[in-house]
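So this block is data.pdb, PDB, C-alpha atoms, pLDDT in the B column:
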```pdb
ATOM      1  CA  MET A   1      -0.884   0.610  -7.246  1.00 44.00           C
ATOM      2  CA  ARG A   2      -4.562   1.103  -7.672  1.00 43.00           C
ATOM      3  CA  ARG A   3      -6.590   4.188  -6.948  1.00 45.00           C
ATOM      4  CA  PRO A   4      -8.372   4.223  -3.588  1.00 49.00           C
ATOM      5  CA  GLY A   5     -11.489   2.148  -3.312  1.00 47.00           C
ATOM      6  CA  GLY A   6     -14.718   3.859  -2.797  1.00 44.00           C
ATOM      7  CA  GLY A   7     -15.930   7.284  -2.042  1.00 43.00           C
ATOM      8  CA  GLY A   8     -19.331   8.421  -1.001  1.00 40.00           C
ATOM      9  CA  GLN A   9     -21.162   7.208   2.057  1.00 38.00           C
ATOM     10  CA  ARG A  10     -21.548   3.529   1.215  1.00 38.00           C
ATOM     11  CA  GLN A  11     -17.822   2.812   1.109  1.00 37.00           C
ATOM     12  CA  ALA A  12     -16.285   2.845   4.580  1.00 43.00           C
ATOM     13  CA  ARG A  13     -12.933   1.393   3.542  1.00 50.00           C
ATOM     14  CA  LEU A  14     -10.227   3.383   1.806  1.00 54.00           C
ATOM     15  CA  SER A  15      -7.102   1.561   0.715  1.00 56.00           C
ATOM     16  CA  TYR A  16      -4.208   1.259  -1.686  1.00 57.00           C
ATOM     17  CA  TYR A  17      -2.693  -1.967  -2.895  1.00 56.00           C
ATOM     18  CA  LEU A  18       0.941  -2.782  -3.550  1.00 56.00           C
ATOM     19  CA  GLY A  19       1.540  -5.930  -5.531  1.00 55.00           C
ATOM     20  CA  PHE A  20       4.121  -8.178  -7.083  1.00 51.00           C
ATOM     21  CA  PHE A  21       2.649  -9.587 -10.261  1.00 50.00           C
ATOM     22  CA  GLY A  22       5.706 -10.750 -12.196  1.00 51.00           C
ATOM     23  CA  GLU A  23       5.070  -8.393 -15.102  1.00 52.00           C
ATOM     24  CA  GLY A  24       7.177  -9.233 -18.149  1.00 56.00           C
ATOM     25  CA  ILE A  25       7.794 -12.800 -16.994  1.00 59.00           C
ATOM     26  CA  PRO A  26       6.597 -15.544 -19.389  1.00 64.00           C
ATOM     27  CA  TYR A  27       3.478 -17.393 -18.289  1.00 62.00           C
ATOM     28  CA  GLY A  28       4.350 -20.291 -15.996  1.00 68.00           C
ATOM     29  CA  GLU A  29       7.755 -18.881 -15.107  1.00 70.00           C
ATOM     30  CA  GLY A  30       6.218 -16.470 -12.617  1.00 66.00           C
ATOM     31  CA  LYS A  31       4.781 -19.382 -10.627  1.00 71.00           C
ATOM     32  CA  LYS A  32       8.166 -21.108 -10.573  1.00 75.00           C
ATOM     33  CA  ILE A  33       9.873 -17.939  -9.360  1.00 71.00           C
ATOM     34  CA  MET A  34       7.189 -17.365  -6.728  1.00 70.00           C
ATOM     35  CA  LYS A  35       7.528 -20.938  -5.466  1.00 76.00           C
ATOM     36  CA  THR A  36      11.338 -20.883  -5.419  1.00 79.00           C
ATOM     37  CA  TYR A  37      11.644 -17.512  -3.688  1.00 78.00           C
ATOM     38  CA  GLU A  38       8.383 -17.473  -1.768  1.00 80.00           C
ATOM     39  CA  LYS A  39       9.834 -16.459   1.616  1.00 82.00           C
ATOM     40  CA  GLU A  40      12.162 -13.854   0.127  1.00 82.00           C
ATOM     41  CA  ILE A  41       9.388 -12.309  -1.950  1.00 81.00           C
ATOM     42  CA  GLN A  42       7.049 -12.192   1.049  1.00 84.00           C
ATOM     43  CA  SER A  43       9.760 -10.567   3.170  1.00 85.00           C
ATOM     44  CA  ALA A  44      10.509  -8.013   0.439  1.00 86.00           C
ATOM     45  CA  LEU A  45       6.817  -7.213  -0.008  1.00 87.00           C
ATOM     46  CA  ILE A  46       6.393  -6.683   3.722  1.00 89.00           C
ATOM     47  CA  ALA A  47       9.470  -4.418   3.893  1.00 89.00           C
ATOM     48  CA  THR A  48       8.121  -2.342   1.002  1.00 89.00           C
ATOM     49  CA  ALA A  49       4.638  -2.194   2.525  1.00 90.00           C
ATOM     50  CA  VAL A  50       5.927  -1.167   5.962  1.00 93.00           C
ATOM     51  CA  THR A  51       7.805   1.706   4.314  1.00 93.00           C
ATOM     52  CA  ALA A  52       4.638   2.700   2.440  1.00 92.00           C
ATOM     53  CA  LEU A  53       2.640   2.579   5.688  1.00 95.00           C
ATOM     54  CA  GLY A  54       5.191   4.908   7.280  1.00 96.00           C
ATOM     55  CA  TYR A  55       4.778   7.325   4.377  1.00 95.00           C
ATOM     56  CA  ALA A  56       0.986   7.197   4.734  1.00 95.00           C
ATOM     57  CA  GLN A  57       1.258   7.963   8.447  1.00 96.00           C
ATOM     58  CA  GLU A  58       3.624  10.875   7.737  1.00 96.00           C
ATOM     59  CA  GLU A  59       1.305  12.304   5.065  1.00 96.00           C
ATOM     60  CA  CYS A  60      -1.906  11.812   7.057  1.00 96.00           C
ATOM     61  CA  PRO A  61      -3.481  15.045   8.314  1.00 95.00           C
ATOM     62  CA  VAL A  62      -3.853  15.111  12.082  1.00 93.00           C
ATOM     63  CA  ARG A  63      -6.590  16.788  14.046  1.00 92.00           C
ATOM     64  CA  THR A  64      -7.212  14.137  16.697  1.00 95.00           C
ATOM     65  CA  GLY A  65      -4.827  11.435  15.462  1.00 95.00           C
ATOM     66  CA  ARG A  66      -7.638   8.905  14.979  1.00 96.00           C
ATOM     67  CA  LEU A  67      -7.218   8.610  11.206  1.00 96.00           C
ATOM     68  CA  ARG A  68      -3.429   8.228  11.366  1.00 96.00           C
ATOM     69  CA  GLU A  69      -3.651   5.646  14.145  1.00 96.00           C
ATOM     70  CA  SER A  70      -6.310   3.687  12.223  1.00 95.00           C
ATOM     71  CA  LEU A  71      -4.081   3.027   9.195  1.00 95.00           C
ATOM     72  CA  THR A  72      -3.494  -0.693   8.860  1.00 94.00           C
ATOM     73  CA  LEU A  73      -1.401  -3.036   6.761  1.00 92.00           C
ATOM     74  CA  ARG A  74      -2.537  -6.441   5.474  1.00 90.00           C
ATOM     75  CA  CYS A  75      -0.346  -8.731   3.382  1.00 86.00           C
ATOM     76  CA  ASN A  76      -0.863 -11.962   1.506  1.00 81.00           C
ATOM     77  CA  ASN A  77       1.434 -13.820  -0.914  1.00 71.00           C
ATOM     78  CA  LYS A  78       1.305 -11.201  -3.674  1.00 76.00           C
ATOM     79  CA  THR A  79      -0.194  -8.000  -2.343  1.00 83.00           C
ATOM     80  CA  ALA A  80      -0.150  -5.607   0.572  1.00 86.00           C
ATOM     81  CA  GLU A  81      -3.047  -3.340   1.423  1.00 89.00           C
ATOM     82  CA  ILE A  82      -2.762  -0.120   3.375  1.00 90.00           C
ATOM     83  CA  GLY A  83      -6.110   1.184   4.470  1.00 90.00           C
ATOM     84  CA  THR A  84      -8.449   2.361   7.165  1.00 92.00           C
ATOM     85  CA  LYS A  85     -12.021   1.748   8.204  1.00 91.00           C
ATOM     86  CA  VAL A  86     -12.452   5.254   9.611  1.00 93.00           C
ATOM     87  CA  GLU A  87     -15.697   6.481   8.087  1.00 92.00           C
ATOM     88  CA  TYR A  88     -14.420   9.923   7.105  1.00 94.00           C
ATOM     89  CA  ALA A  89     -11.185   8.758   5.406  1.00 94.00           C
ATOM     90  CA  ALA A  90     -12.617   8.976   1.887  1.00 93.00           C
ATOM     91  CA  ALA A  91     -13.873  12.508   2.568  1.00 95.00           C
ATOM     92  CA  VAL A  92     -10.379  13.544   3.704  1.00 95.00           C
ATOM     93  CA  GLU A  93      -8.642  11.853   0.751  1.00 94.00           C
ATOM     94  CA  LEU A  94     -11.087  12.845  -1.970  1.00 94.00           C
ATOM     95  CA  GLY A  95     -12.687  15.962  -0.526  1.00 95.00           C
ATOM     96  CA  THR A  96     -16.357  16.913  -0.324  1.00 95.00           C
ATOM     97  CA  ARG A  97     -18.440  19.811  -1.531  1.00 96.00           C
ATOM     98  CA  LYS A  98     -17.469  21.667   1.635  1.00 95.00           C
ATOM     99  CA  SER A  99     -13.814  20.621   2.008  1.00 94.00           C
ATOM    100  CA  GLN A 100     -10.795  20.404  -0.241  1.00 96.00           C
ATOM    101  CA  PRO A 101      -9.209  16.972  -0.810  1.00 96.00           C
ATOM    102  CA  ASN A 102      -6.160  16.111   1.247  1.00 96.00           C
ATOM    103  CA  PRO A 103      -4.924  13.044  -0.687  1.00 95.00           C
ATOM    104  CA  PHE A 104      -2.549  11.652   1.935  1.00 94.00           C
ATOM    105  CA  LEU A 105      -2.724   8.086   0.599  1.00 92.00           C
ATOM    106  CA  SER A 106      -2.127   9.319  -2.942  1.00 91.00           C
ATOM    107  CA  ARG A 107       0.939  11.253  -1.770  1.00 93.00           C
ATOM    108  CA  ALA A 108       2.224   8.197   0.092  1.00 92.00           C
ATOM    109  CA  ALA A 109       1.659   6.073  -3.027  1.00 89.00           C
ATOM    110  CA  SER A 110       3.632   8.578  -5.110  1.00 90.00           C
ATOM    111  CA  ARG A 111       6.491   8.510  -2.621  1.00 91.00           C
ATOM    112  CA  ILE A 112       6.726   4.710  -2.501  1.00 89.00           C
ATOM    113  CA  LYS A 113       6.295   4.310  -6.251  1.00 85.00           C
ATOM    114  CA  GLY A 114       9.792   5.593  -6.978  1.00 78.00           C
ATOM    115  CA  LYS A 115      11.395   3.605  -4.175  1.00 86.00           C
ATOM    116  CA  ALA A 116       9.469   0.321  -4.096  1.00 82.00           C
ATOM    117  CA  GLY A 117      11.649  -1.444  -6.652  1.00 82.00           C
ATOM    118  CA  ARG A 118      14.844  -0.499  -4.830  1.00 85.00           C
ATOM    119  CA  ILE A 119      13.450  -1.556  -1.431  1.00 85.00           C
ATOM    120  CA  PHE A 120      12.228  -4.824  -2.940  1.00 80.00           C
ATOM    121  CA  ILE A 121      15.573  -5.612  -4.619  1.00 82.00           C
ATOM    122  CA  ASN A 122      17.588  -4.652  -1.523  1.00 85.00           C
ATOM    123  CA  GLU A 123      15.445  -6.931   0.591  1.00 81.00           C
ATOM    124  CA  MET A 124      15.709  -9.810  -1.880  1.00 78.00           C
ATOM    125  CA  PHE A 125      19.417  -9.557  -2.735  1.00 79.00           C
ATOM    126  CA  GLY A 126      20.869  -6.934  -0.378  1.00 75.00           C
ATOM    127  CA  ALA A 127      23.521  -7.189   2.282  1.00 54.00           C
ATOM    128  CA  GLY A 128      23.492 -10.317   4.374  1.00 49.00           C
ATOM    129  CA  LYS A 129      21.833 -12.462   1.692  1.00 53.00           C
TER     130      LYS A 129
END
```
What do you get writing this file as structure tokens?
Amino acid sequence: MRRPGGGGQRQARLSYYLGFFGEGIPYGEGKKIMKTYEKEIQSALIATAVTALGYAQEECPVRTGRLRESLTLRCNNKTAEIGTKVEYAAAVELGTRKSQPNPFLSRAASRIKGKAGRIFINEMFGAGK
């Protein structure tokens, strides 16, 4: 996972990325694996990302509910992005001179980090496969 993008007033998007990069797999083999198991990998990535989105919604501070409801999930072949376009999200996550940080996305990332591999493997090879 990467640290959140942005901060300050120019960046209106705050997001975290989950990705499957085939670390430790010899060059060229990763492409073969991705091609062979493309649907399974995509399904596993989505299952992991949906869990992470749930964690982000649980960790999100709520005053009006706008920030929590604005959290979105986007997936492609290798990555999933959880983010929001709410203009004050970075100020909530990172804090300002006048307010303490409330790193809800960071907490969600920490929660999924320990479970992502298990969710991914269960989805790929779990019951019913």
Q: With only C-alpha atoms counted, which protein, DNA or RNA residues have an atom no more than 9 Å from (15.7, -6.1, 0.2) in the file frame? Please answer as an MDAnalysis selection string.
A: chainID A and resid 40 43:45 47:48 118:127 129
Q: Please write as a list in words the full residue list that the PyMOL selection byres ((chain A and resi 106-116) around 8) yields on this file.
A: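 Those residues are Met1, Arg3, Tyr16, Thr48, Thr51, Ala52, Leu53, Tyr55, Ala56, Glu59, Glu93, Pro103, Phe104, Leu105, Gly117, Arg118, Ile119 and Phe120 of chain A.
The two atoms in question, atom CA of Cys60 of chain A and atom CA of Pro101 of chain A, are spaced 11.9 Å apart.
The space separating atom CA of Asn77 of chain A from atom CA of Ile33 of chain A comes to 12.6 Å.
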Q) Quick one, how far is atom CA of Ala80 of chain A from atom CA of Ala49 of chain A? A) 6.2 Å
Q. Which one is closest to Leu67 of chain A: A:Met34, A:Ile41, A:Val50, A:Ala90? Count all atoms listed in the file.
A.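 Result for the nearest residue to Leu67 of chain A: A:Ala90.
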Build an axis-aligned box that encloses every atom of segment 112-126 of chain A listed in the file, pad it by 5 Å on each side, and report its centre and edge lengths in Å to one decimal, as AutoDock Vina command-line options.
```
--center_x 13.6 --center_y -2.1 --center_z -3.2 --size_x 24.6 --size_y 25.4 --size_z 17.6
```
